[in-house]
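> Contents are PDB, C-alpha atoms; file name coords_5.pdb:
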```pdb
MODEL        1
ATOM      1  CA  MET A  48       0.000   0.000   0.000  1.00  0.00           C
ATOM      2  CA  ASN A  49       1.387   3.390  -1.021  1.00  0.00           C
ATOM      3  CA  ASP A  50       1.807   6.155   1.527  1.00  0.00           C
ATOM      4  CA  TRP A  51       0.271   9.189  -0.152  1.00  0.00           C
ATOM      5  CA  VAL A  52       1.128  12.562   1.382  1.00  0.00           C
ATOM      6  CA  ILE A  53      -1.129  14.294  -1.178  1.00  0.00           C
ATOM      7  CA  GLU A  54      -4.429  13.047  -2.550  1.00  0.00           C
ATOM      8  CA  THR A  55      -6.783  15.093  -4.705  1.00  0.00           C
ATOM      9  CA  ARG A  56     -10.082  13.983  -6.199  1.00  0.00           C
ATOM     10  CA  ASN A  57     -11.911  15.942  -8.904  1.00  0.00           C
ATOM     11  CA  LEU A  58     -10.173  19.130  -7.779  1.00  0.00           C
ATOM     12  CA  LYS A  59     -11.642  22.202  -9.463  1.00  0.00           C
ATOM     13  CA  LYS A  60     -11.031  25.932  -9.244  1.00  0.00           C
ATOM     14  CA  ILE A  61     -13.566  28.017 -11.130  1.00  0.00           C
ATOM     15  CA  TYR A  62     -13.459  31.793 -11.447  1.00  0.00           C
ATOM     16  CA  ARG A  63     -16.540  33.666 -12.575  1.00  0.00           C
ATOM     17  CA  MET A  64     -16.171  37.033 -14.263  1.00  0.00           C
ATOM     18  CA  GLY A  65     -19.672  38.235 -15.009  1.00  0.00           C
ATOM     19  CA  GLU A  66     -21.166  35.565 -17.239  1.00  0.00           C
ATOM     20  CA  VAL A  67     -17.780  34.124 -18.146  1.00  0.00           C
ATOM     21  CA  GLU A  68     -16.619  30.999 -16.326  1.00  0.00           C
ATOM     22  CA  VAL A  69     -12.891  30.247 -16.211  1.00  0.00           C
ATOM     23  CA  ARG A  70     -11.951  26.719 -15.174  1.00  0.00           C
ATOM     24  CA  ALA A  71      -8.416  27.240 -13.889  1.00  0.00           C
ATOM     25  CA  LEU A  72      -8.437  23.646 -12.637  1.00  0.00           C
ATOM     26  CA  ASP A  73     -10.889  21.215 -14.138  1.00  0.00           C
ATOM     27  CA  GLY A  74     -11.091  17.932 -12.264  1.00  0.00           C
ATOM     28  CA  VAL A  75      -7.547  17.093 -11.144  1.00  0.00           C
ATOM     29  CA  ASP A  76      -6.992  13.630  -9.654  1.00  0.00           C
ATOM     30  CA  LEU A  77      -3.540  13.366  -8.148  1.00  0.00           C
ATOM     31  CA  ASN A  78      -1.607  11.164  -5.719  1.00  0.00           C
ATOM     32  CA  ILE A  79       1.889  12.075  -4.562  1.00  0.00           C
ATOM     33  CA  GLU A  80       3.866   9.595  -2.516  1.00  0.00           C
ATOM     34  CA  ARG A  81       5.513  10.643   0.739  1.00  0.00           C
ATOM     35  CA  GLY A  82       9.235  11.284   0.349  1.00  0.00           C
ATOM     36  CA  SER A  83       9.097  11.712  -3.425  1.00  0.00           C
ATOM     37  CA  ILE A  84      10.255  14.637  -5.563  1.00  0.00           C
ATOM     38  CA  VAL A  85       7.818  15.640  -8.294  1.00  0.00           C
ATOM     39  CA  SER A  86       7.689  18.399 -10.893  1.00  0.00           C
ATOM     40  CA  ILE A  87       4.622  20.069 -12.371  1.00  0.00           C
ATOM     41  CA  MET A  88       4.963  21.446 -15.894  1.00  0.00           C
ATOM     42  CA  GLY A  89       2.714  23.163 -18.387  1.00  0.00           C
ATOM     43  CA  PRO A  90       2.431  26.271 -20.566  1.00  0.00           C
ATOM     44  CA  SER A  91       1.302  29.651 -19.223  1.00  0.00           C
ATOM     45  CA  GLY A  92      -2.366  29.450 -18.291  1.00  0.00           C
ATOM     46  CA  SER A  93      -2.258  25.682 -17.785  1.00  0.00           C
ATOM     47  CA  GLY A  94      -3.217  25.905 -14.113  1.00  0.00           C
ATOM     48  CA  LYS A  95       0.206  25.298 -12.537  1.00  0.00           C
ATOM     49  CA  SER A  96       0.050  28.306 -10.226  1.00  0.00           C
ATOM     50  CA  THR A  97      -3.547  27.571  -9.270  1.00  0.00           C
ATOM     51  CA  LEU A  98      -2.665  23.983  -8.421  1.00  0.00           C
ATOM     52  CA  MET A  99       0.338  25.138  -6.393  1.00  0.00           C
ATOM     53  CA  ASN A 100      -1.856  27.573  -4.458  1.00  0.00           C
ATOM     54  CA  LEU A 101      -4.329  24.817  -3.620  1.00  0.00           C
ATOM     55  CA  LEU A 102      -1.704  22.210  -2.711  1.00  0.00           C
ATOM     56  CA  GLY A 103       0.107  24.839  -0.618  1.00  0.00           C
ATOM     57  CA  CYS A 104      -3.071  25.738   1.304  1.00  0.00           C
ATOM     58  CA  LEU A 105      -2.970  29.303  -0.036  1.00  0.00           C
ATOM     59  CA  ASP A 106      -6.461  28.862  -1.489  1.00  0.00           C
ATOM     60  CA  ARG A 107      -9.312  26.378  -1.400  1.00  0.00           C
ATOM     61  CA  PRO A 108     -10.953  24.563  -4.312  1.00  0.00           C
ATOM     62  CA  THR A 109     -14.370  25.353  -5.741  1.00  0.00           C
ATOM     63  CA  GLU A 110     -15.102  21.624  -5.809  1.00  0.00           C
ATOM     64  CA  GLY A 111     -13.365  18.377  -4.974  1.00  0.00           C
ATOM     65  CA  ASP A 112     -11.311  16.915  -2.155  1.00  0.00           C
ATOM     66  CA  TYR A 113      -7.759  17.603  -1.058  1.00  0.00           C
ATOM     67  CA  ILE A 114      -6.137  15.496   1.648  1.00  0.00           C
ATOM     68  CA  LEU A 115      -2.701  16.630   2.842  1.00  0.00           C
ATOM     69  CA  ASP A 116      -0.770  14.368   5.198  1.00  0.00           C
ATOM     70  CA  GLY A 117      -4.019  12.675   6.174  1.00  0.00           C
ATOM     71  CA  VAL A 118      -5.815  15.974   6.824  1.00  0.00           C
ATOM     72  CA  GLN A 119      -8.847  17.015   4.760  1.00  0.00           C
ATOM     73  CA  VAL A 120      -8.114  20.653   3.929  1.00  0.00           C
ATOM     74  CA  SER A 121     -10.624  21.323   1.132  1.00  0.00           C
ATOM     75  CA  GLN A 122     -13.318  22.791   3.354  1.00  0.00           C
ATOM     76  CA  MET A 123     -11.181  24.535   5.971  1.00  0.00           C
ATOM     77  CA  ASN A 124     -11.936  28.129   6.962  1.00  0.00           C
ATOM     78  CA  ASP A 125      -9.267  30.821   6.613  1.00  0.00           C
ATOM     79  CA  ASP A 126      -7.811  30.328  10.110  1.00  0.00           C
ATOM     80  CA  GLN A 127      -7.638  26.555   9.724  1.00  0.00           C
ATOM     81  CA  LEU A 128      -6.076  26.945   6.290  1.00  0.00           C
ATOM     82  CA  ALA A 129      -3.440  29.328   7.677  1.00  0.00           C
ATOM     83  CA  ALA A 130      -2.593  26.858  10.450  1.00  0.00           C
ATOM     84  CA  ALA A 131      -2.293  23.992   7.956  1.00  0.00           C
ATOM     85  CA  ARG A 132      -0.127  26.145   5.705  1.00  0.00           C
ATOM     86  CA  ASN A 133       2.219  27.048   8.561  1.00  0.00           C
ATOM     87  CA  HIS A 134       2.626  23.520   9.898  1.00  0.00           C
ATOM     88  CA  LEU A 135       2.308  21.289   6.830  1.00  0.00           C
ATOM     89  CA  VAL A 136       3.840  23.300   3.973  1.00  0.00           C
ATOM     90  CA  GLY A 137       7.175  24.976   3.321  1.00  0.00           C
ATOM     91  CA  PHE A 138       7.521  27.428   0.427  1.00  0.00           C
ATOM     92  CA  VAL A 139      10.474  28.304  -1.793  1.00  0.00           C
ATOM     93  CA  PHE A 140       9.835  31.063  -4.325  1.00  0.00           C
ATOM     94  CA  GLN A 141      11.714  32.282  -7.384  1.00  0.00           C
ATOM     95  CA  SER A 142      12.062  35.745  -5.815  1.00  0.00           C
ATOM     96  CA  PHE A 143      13.265  34.373  -2.411  1.00  0.00           C
ATOM     97  CA  ASN A 144      10.707  36.510  -0.450  1.00  0.00           C
ATOM     98  CA  LEU A 145      13.137  37.378   2.339  1.00  0.00           C
ATOM     99  CA  LEU A 146      12.863  40.363   4.689  1.00  0.00           C
ATOM    100  CA  SER A 147      15.737  42.572   3.569  1.00  0.00           C
ATOM    101  CA  ARG A 148      16.350  44.241   6.942  1.00  0.00           C
ATOM    102  CA  GLN A 149      16.388  41.000   8.901  1.00  0.00           C
ATOM    103  CA  SER A 150      19.287  38.580   9.329  1.00  0.00           C
ATOM    104  CA  ALA A 151      19.296  35.134   7.782  1.00  0.00           C
ATOM    105  CA  LEU A 152      18.565  33.768  11.251  1.00  0.00           C
ATOM    106  CA  ALA A 153      15.532  36.035  11.752  1.00  0.00           C
ATOM    107  CA  ASN A 154      14.177  35.137   8.304  1.00  0.00           C
ATOM    108  CA  VAL A 155      14.431  31.421   9.013  1.00  0.00           C
ATOM    109  CA  GLU A 156      12.771  31.847  12.425  1.00  0.00           C
ATOM    110  CA  LEU A 157       9.663  33.484  10.909  1.00  0.00           C
ATOM    111  CA  PRO A 158       7.454  30.359  10.573  1.00  0.00           C
ATOM    112  CA  LEU A 159       8.195  29.500  14.220  1.00  0.00           C
ATOM    113  CA  ARG A 160       7.284  33.044  15.278  1.00  0.00           C
ATOM    114  CA  TYR A 161       3.998  32.809  13.370  1.00  0.00           C
ATOM    115  CA  GLY A 162       3.335  29.509  15.089  1.00  0.00           C
ATOM    116  CA  GLY A 163       3.947  31.024  18.517  1.00  0.00           C
ATOM    117  CA  ILE A 164       6.956  28.795  19.166  1.00  0.00           C
ATOM    118  CA  THR A 165       9.626  30.317  21.407  1.00  0.00           C
ATOM    119  CA  LYS A 166      11.454  27.381  23.014  1.00  0.00           C
ATOM    120  CA  GLY A 167      14.528  26.355  21.042  1.00  0.00           C
ATOM    121  CA  ARG A 168      13.611  28.651  18.155  1.00  0.00           C
ATOM    122  CA  LYS A 169      17.060  30.154  17.627  1.00  0.00           C
ATOM    123  CA  GLN A 170      18.852  26.824  17.845  1.00  0.00           C
ATOM    124  CA  LYS A 171      16.459  25.210  15.389  1.00  0.00           C
ATOM    125  CA  ALA A 172      16.986  28.074  12.919  1.00  0.00           C
ATOM    126  CA  ILE A 173      20.769  27.739  13.240  1.00  0.00           C
ATOM    127  CA  GLU A 174      20.484  24.007  12.576  1.00  0.00           C
ATOM    128  CA  ALA A 175      18.363  24.647   9.472  1.00  0.00           C
ATOM    129  CA  LEU A 176      20.872  27.178   8.136  1.00  0.00           C
ATOM    130  CA  THR A 177      23.719  24.764   8.849  1.00  0.00           C
ATOM    131  CA  ALA A 178      21.846  22.050   6.937  1.00  0.00           C
ATOM    132  CA  VAL A 179      21.846  24.232   3.803  1.00  0.00           C
ATOM    133  CA  GLY A 180      25.503  25.205   4.191  1.00  0.00           C
ATOM    134  CA  LEU A 181      25.041  28.641   5.763  1.00  0.00           C
ATOM    135  CA  GLY A 182      26.042  27.997   9.370  1.00  0.00           C
ATOM    136  CA  ASP A 183      28.615  30.783   9.045  1.00  0.00           C
ATOM    137  CA  ARG A 184      26.151  33.317   7.609  1.00  0.00           C
ATOM    138  CA  VAL A 185      23.455  33.446  10.295  1.00  0.00           C
ATOM    139  CA  THR A 186      23.912  37.151  11.069  1.00  0.00           C
ATOM    140  CA  HIS A 187      24.102  38.289   7.420  1.00  0.00           C
ATOM    141  CA  ARG A 188      21.211  40.177   5.847  1.00  0.00           C
ATOM    142  CA  PRO A 189      19.935  39.245   2.373  1.00  0.00           C
ATOM    143  CA  THR A 190      21.739  42.236   0.829  1.00  0.00           C
ATOM    144  CA  GLU A 191      25.002  40.740   2.099  1.00  0.00           C
ATOM    145  CA  LEU A 192      24.334  37.383   0.454  1.00  0.00           C
ATOM    146  CA  SER A 193      24.505  36.156  -3.142  1.00  0.00           C
ATOM    147  CA  GLY A 194      21.370  35.038  -4.950  1.00  0.00           C
ATOM    148  CA  GLY A 195      22.231  31.399  -4.364  1.00  0.00           C
ATOM    149  CA  GLN A 196      22.806  32.053  -0.662  1.00  0.00           C
ATOM    150  CA  GLN A 197      19.490  33.910  -0.396  1.00  0.00           C
ATOM    151  CA  GLN A 198      17.719  30.913  -1.908  1.00  0.00           C
ATOM    152  CA  ARG A 199      19.468  28.668   0.618  1.00  0.00           C
ATOM    153  CA  VAL A 200      18.055  30.883   3.390  1.00  0.00           C
ATOM    154  CA  ALA A 201      14.601  30.476   1.820  1.00  0.00           C
ATOM    155  CA  ILE A 202      15.052  26.689   1.752  1.00  0.00           C
ATOM    156  CA  ALA A 203      16.134  26.672   5.407  1.00  0.00           C
ATOM    157  CA  ARG A 204      13.007  28.689   6.249  1.00  0.00           C
ATOM    158  CA  ALA A 205      10.874  26.170   4.338  1.00  0.00           C
ATOM    159  CA  LEU A 206      12.409  23.292   6.327  1.00  0.00           C
ATOM    160  CA  ILE A 207      12.102  24.841   9.786  1.00  0.00           C
ATOM    161  CA  ASN A 208       8.738  23.292  10.699  1.00  0.00           C
ATOM    162  CA  ASP A 209       9.555  19.857   9.241  1.00  0.00           C
ATOM    163  CA  PRO A 210       6.646  20.257   6.802  1.00  0.00           C
ATOM    164  CA  ALA A 211       4.840  17.421   5.066  1.00  0.00           C
ATOM    165  CA  ILE A 212       5.721  18.999   1.700  1.00  0.00           C
ATOM    166  CA  ILE A 213       7.894  21.746   0.269  1.00  0.00           C
ATOM    167  CA  MET A 214       6.442  23.692  -2.656  1.00  0.00           C
ATOM    168  CA  ALA A 215       9.195  25.179  -4.836  1.00  0.00           C
ATOM    169  CA  ASP A 216       8.015  27.655  -7.480  1.00  0.00           C
ATOM    170  CA  GLU A 217      10.735  28.076 -10.142  1.00  0.00           C
ATOM    171  CA  PRO A 218      13.395  27.820  -7.395  1.00  0.00           C
ATOM    172  CA  THR A 219      16.309  28.403  -9.793  1.00  0.00           C
ATOM    173  CA  GLY A 220      14.566  30.970 -12.008  1.00  0.00           C
ATOM    174  CA  ASN A 221      16.436  34.030 -10.702  1.00  0.00           C
ATOM    175  CA  LEU A 222      19.838  32.375 -10.458  1.00  0.00           C
ATOM    176  CA  ASP A 223      22.799  32.022 -12.795  1.00  0.00           C
ATOM    177  CA  SER A 224      23.492  28.513 -14.086  1.00  0.00           C
ATOM    178  CA  LYS A 225      26.160  27.704 -11.466  1.00  0.00           C
ATOM    179  CA  SER A 226      24.026  28.857  -8.530  1.00  0.00           C
ATOM    180  CA  GLY A 227      20.990  27.151 -10.054  1.00  0.00           C
ATOM    181  CA  LYS A 228      22.831  23.840 -10.214  1.00  0.00           C
ATOM    182  CA  GLU A 229      23.961  24.220  -6.597  1.00  0.00           C
ATOM    183  CA  ILE A 230      20.395  24.898  -5.442  1.00  0.00           C
ATOM    184  CA  MET A 231      19.028  21.964  -7.420  1.00  0.00           C
ATOM    185  CA  ASP A 232      21.758  19.710  -5.978  1.00  0.00           C
ATOM    186  CA  LEU A 233      20.755  20.897  -2.489  1.00  0.00           C
ATOM    187  CA  ILE A 234      17.068  20.216  -3.137  1.00  0.00           C
ATOM    188  CA  LEU A 235      17.840  16.722  -4.432  1.00  0.00           C
ATOM    189  CA  SER A 236      20.071  16.073  -1.415  1.00  0.00           C
ATOM    190  CA  LEU A 237      17.382  17.188   1.042  1.00  0.00           C
ATOM    191  CA  ASN A 238      14.904  14.893  -0.651  1.00  0.00           C
ATOM    192  CA  LYS A 239      17.310  11.975  -0.468  1.00  0.00           C
ATOM    193  CA  THR A 240      18.688  12.452   3.049  1.00  0.00           C
ATOM    194  CA  ARG A 241      15.669  13.900   4.881  1.00  0.00           C
ATOM    195  CA  LYS A 242      12.988  12.157   2.792  1.00  0.00           C
ATOM    196  CA  THR A 243      11.266  15.529   2.403  1.00  0.00           C
ATOM    197  CA  THR A 244       8.455  15.500  -0.166  1.00  0.00           C
ATOM    198  CA  ILE A 245       9.222  18.223  -2.706  1.00  0.00           C
ATOM    199  CA  ILE A 246       6.989  19.558  -5.475  1.00  0.00           C
ATOM    200  CA  ILE A 247       8.687  21.785  -8.056  1.00  0.00           C
ATOM    201  CA  VAL A 248       6.661  23.997 -10.370  1.00  0.00           C
ATOM    202  CA  THR A 249       8.855  24.800 -13.347  1.00  0.00           C
ATOM    203  CA  HIS A 250       9.009  25.704 -17.034  1.00  0.00           C
ATOM    204  CA  ASP A 251      12.527  24.253 -17.249  1.00  0.00           C
ATOM    205  CA  GLN A 252      12.639  20.760 -18.737  1.00  0.00           C
ATOM    206  CA  SER A 253      16.193  20.218 -17.463  1.00  0.00           C
ATOM    207  CA  ILE A 254      14.999  20.850 -13.884  1.00  0.00           C
ATOM    208  CA  ALA A 255      11.966  18.594 -14.296  1.00  0.00           C
ATOM    209  CA  MET A 256      14.100  15.767 -15.680  1.00  0.00           C
ATOM    210  CA  GLN A 257      15.976  15.617 -12.359  1.00  0.00           C
ATOM    211  CA  THR A 258      12.794  14.751 -10.453  1.00  0.00           C
ATOM    212  CA  GLN A 259      11.250  11.308 -10.076  1.00  0.00           C
ATOM    213  CA  ARG A 260       7.998  12.163 -11.799  1.00  0.00           C
ATOM    214  CA  ILE A 261       6.781  14.902 -14.167  1.00  0.00           C
ATOM    215  CA  ILE A 262       3.087  15.850 -14.117  1.00  0.00           C
ATOM    216  CA  ASN A 263       1.936  17.694 -17.235  1.00  0.00           C
ATOM    217  CA  LEU A 264      -0.950  20.171 -17.045  1.00  0.00           C
ATOM    218  CA  ILE A 265      -2.866  21.761 -19.917  1.00  0.00           C
ATOM    219  CA  ASP A 266      -6.065  23.797 -19.577  1.00  0.00           C
ATOM    220  CA  GLY A 267      -6.461  22.868 -15.927  1.00  0.00           C
ATOM    221  CA  LYS A 268      -6.252  19.119 -16.536  1.00  0.00           C
ATOM    222  CA  VAL A 269      -3.550  16.522 -15.963  1.00  0.00           C
ATOM    223  CA  VAL A 270      -2.855  15.352 -19.502  1.00  0.00           C
ATOM    224  CA  GLY A 271       0.005  12.972 -18.820  1.00  0.00           C
ATOM    225  CA  GLU A 272       2.909  11.955 -16.660  1.00  0.00           C
ATOM    226  CA  GLU A 273       6.526  11.046 -17.311  1.00  0.00           C
ATOM    227  CA  VAL A 274       9.076   9.149 -15.281  1.00  0.00           C
ATOM    228  CA  PRO A 275      12.516  10.495 -16.260  1.00  0.00           C
ATOM    229  CA  ALA A 276      15.037   7.786 -17.112  1.00  0.00           C
TER     230      ALA A 276
ENDMDL
END
```
Could you express the structure from this file as structure tokens?


Amino acid sequence: MNDWVIETRNLKKIYRMGEVEVRALDGVDLNIERGSIVSIMGPSGSGKSTLMNLLGCLDRPTEGDYILDGVQVSQMNDDQLAAARNHLVGFVFQSFNLLSRQSALANVELPLRYGGITKGRKQKAIEALTAVGLGDRVTHRPTELSGGQQQRVAIARALINDPAIIMADEPTGNLDSKSGKEIMDLILSLNKTRKTTIIIVTHDQSIAMQTQRIINLIDGKVVGEEVPA
């Protein structure tokens, strides 16, 4: 029996603009196994961002079921959704989304602050930064770090709550090729050593080919899957 960390059934997201109905997601059935690394690909307007928002508990579906780490999140209210997002999901964005005036340590601590956790917070943040190779940069601000180092801070922040999944949206998109390779190597290492489930939304075929499974979206539907050789 497979251990699914994500299960969706007939997942739909419908936007209504006057009399026009836009089906951003149109009946997505998806299972993602715990500890796997998966990429989601598709052209602009395919529904990738919408699916990421739903899987990351940033939004709720119009119809359908979404079970994350055994928790039914489809019908949660805003407060419940925020709690699920903080405890079950880590985010890594193309633009890093770091607080420029705060140290790397303070940025990594943020999810723990939001969760009201005080005990051991600093030590846990230091351990997360050390895990991504930045144990000697804890007091540096983002402006004192390279792009690759800033993305490492973002990855440490995503790991801090030991989430069920990490959602990475074009994680190498703002990096040069060398830094991009280093970040991808780090992501693959975290998946292998920590068994962290990672979902990468990307336009880059070379990034997707490094994952265990590629899910292809078109017009809000899963139209196929690939298992890279």

> Using all atoms listed in the file, which residue out of A:Thr240, A:Asn100, A:Asn133, A:Asn263 lies closest to Gly163 (chain A)?

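Counting all atoms listed in the file, the residue closest to Gly163 (chain A) is A:Asn133.
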
> Any idea what's packed within 10 Å of region 178-188 of chain A, counting all atoms listed in the file, ignoring anything in its chain fewer than 6 positions away? Could you give it as an MDAnalysis selection string?

chainID A and resid 145:155 172 196:203 206 230 233:234 236:237

> Determine the residue membership of the PyMOL selection byres ((chain A and resi 137-140) around 12) for the file above and supply it as a PyMOL selection string.

chain A and resi 96+99-100+102-105+131-136+141-145+155+157-159+197-222+230+234+243-249

> CA of Glu80 (chain A) and CA of Glu229 (chain A) are how many Å apart?

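CA of Glu229 (chain A) lies at a distance of 25.2 Å from CA of Glu80 (chain A).
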
> Report as a list in words the full result of the PyMOL selection byres ((chain A and resi 118) around 12) when it is applied to this structure.

Trp51, Val52, Ile53, Glu54, Thr55, Cys104, Asp112, Tyr113, Ile114, Leu115, Asp116, Gly117, Gln119, Val120, Ser121, Gln122, Met123, Gln127, Leu128, Ala130, Ala131, Arg132, His134, Leu135 and Ala211 of chain A

> One number please: CA of Val269 (chain A) to CA of Val85 (chain A), in Å, one decimal.

13.7 Å

> What is the distance between CA of Arg56 (chain A) and CA of Gly267 (chain A), in Å to one decimal?

13.7 Å

> Could you please give me, as a PyMOL selection string, the residues of protein, DNA or RNA lying at most 8 Å from (12.9, 10.3, -10.9) in the coordinate frame of the file, considering only C-alpha atoms?

chain A and resi 84-85+256-260+274-276

> Kindly indicate which residue among A:Asn57, A:Ser86, A:Ser91, A:Asn78 lies nearest to Pro108 (chain A), using all atoms listed in the file for the distances.

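Closest to Pro108 (chain A), using all atoms listed in the file: A:Asn57.
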
> Show which residues sit within 10 Å of region 60-73 of chain A, as a PDB file with C-alpha atoms, in the coordinates of the input. Count all atoms listed in the file, and ignore same-chain residues fewer than 5 positions away.


```pdb
ATOM      1  CA  GLY A  92      -2.366  29.450 -18.291  1.00  0.00           C
ATOM      2  CA  SER A  93      -2.258  25.682 -17.785  1.00  0.00           C
ATOM      3  CA  GLY A  94      -3.217  25.905 -14.113  1.00  0.00           C
ATOM      4  CA  LYS A  95       0.206  25.298 -12.537  1.00  0.00           C
ATOM      5  CA  SER A  96       0.050  28.306 -10.226  1.00  0.00           C
ATOM      6  CA  THR A  97      -3.547  27.571  -9.270  1.00  0.00           C
ATOM      7  CA  LEU A  98      -2.665  23.983  -8.421  1.00  0.00           C
ATOM      8  CA  LEU A 101      -4.329  24.817  -3.620  1.00  0.00           C
ATOM      9  CA  ASP A 106      -6.461  28.862  -1.489  1.00  0.00           C
ATOM     10  CA  ARG A 107      -9.312  26.378  -1.400  1.00  0.00           C
ATOM     11  CA  PRO A 108     -10.953  24.563  -4.312  1.00  0.00           C
ATOM     12  CA  THR A 109     -14.370  25.353  -5.741  1.00  0.00           C
ATOM     13  CA  GLU A 110     -15.102  21.624  -5.809  1.00  0.00           C
ATOM     14  CA  GLY A 111     -13.365  18.377  -4.974  1.00  0.00           C
ATOM     15  CA  LEU A 264      -0.950  20.171 -17.045  1.00  0.00           C
ATOM     16  CA  ILE A 265      -2.866  21.761 -19.917  1.00  0.00           C
ATOM     17  CA  ASP A 266      -6.065  23.797 -19.577  1.00  0.00           C
ATOM     18  CA  GLY A 267      -6.461  22.868 -15.927  1.00  0.00           C
ATOM     19  CA  LYS A 268      -6.252  19.119 -16.536  1.00  0.00           C
ATOM     20  CA  VAL A 269      -3.550  16.522 -15.963  1.00  0.00           C
TER      21      VAL A 269
END
```

> Choose the residue, out of A:His250, A:Ile164, A:Leu176, A:Gly227, that has the smallest atom-to-atom separation from Gly195 (chain A); count only C-alpha atoms.

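Distance minimum relative to Gly195 (chain A) lands on A:Gly227.
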
> Since the input has fewer atoms than a full residue there, write region 133-147 of chain A out with N, CA and C atoms, as a CSV table (one decimal), in the frame of the given file.


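selection09.csv, written as the output of this step:
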```csv
chain,number,residue,atom,x,y,z
A,133,ASN,N,1.0,26.8,7.7
A,133,ASN,CA,2.2,27.0,8.6
A,133,ASN,C,2.9,25.8,9.0
A,134,HIS,N,2.1,24.7,9.3
A,134,HIS,CA,2.6,23.5,9.9
A,134,HIS,C,2.9,22.4,8.9
A,135,LEU,N,2.2,22.4,7.8
A,135,LEU,CA,2.3,21.3,6.8
A,135,LEU,C,3.1,21.6,5.6
A,136,VAL,N,3.3,22.9,5.3
A,136,VAL,CA,3.8,23.3,4.0
A,136,VAL,C,5.0,24.3,4.2
A,137,GLY,N,6.1,24.0,3.4
A,137,GLY,CA,7.2,25.0,3.3
A,137,GLY,C,7.2,25.5,1.9
A,138,PHE,N,7.5,26.8,1.8
A,138,PHE,CA,7.5,27.4,0.4
A,138,PHE,C,8.9,27.9,0.1
A,139,VAL,N,9.3,27.7,-1.2
A,139,VAL,CA,10.5,28.3,-1.8
A,139,VAL,C,10.0,29.0,-3.1
A,140,PHE,N,10.3,30.3,-3.2
A,140,PHE,CA,9.8,31.1,-4.3
A,140,PHE,C,11.0,31.5,-5.2
A,141,GLN,N,10.7,31.8,-6.4
A,141,GLN,CA,11.7,32.3,-7.4
A,141,GLN,C,12.4,33.6,-6.9
A,142,SER,N,11.6,34.4,-6.3
A,142,SER,CA,12.1,35.7,-5.8
A,142,SER,C,12.5,35.8,-4.4
A,143,PHE,N,12.7,34.6,-3.8
A,143,PHE,CA,13.3,34.4,-2.4
A,143,PHE,C,12.3,34.8,-1.3
A,144,ASN,N,11.7,36.0,-1.4
A,144,ASN,CA,10.7,36.5,-0.4
A,144,ASN,C,11.3,36.6,1.0
A,145,LEU,N,12.5,37.2,1.0
A,145,LEU,CA,13.1,37.4,2.3
A,145,LEU,C,12.9,38.8,2.8
A,146,LEU,N,12.9,39.0,4.1
A,146,LEU,CA,12.9,40.4,4.7
A,146,LEU,C,14.2,41.0,4.7
A,147,SER,N,14.4,42.0,3.9
A,147,SER,CA,15.7,42.6,3.6
A,147,SER,C,16.5,43.1,4.8
```
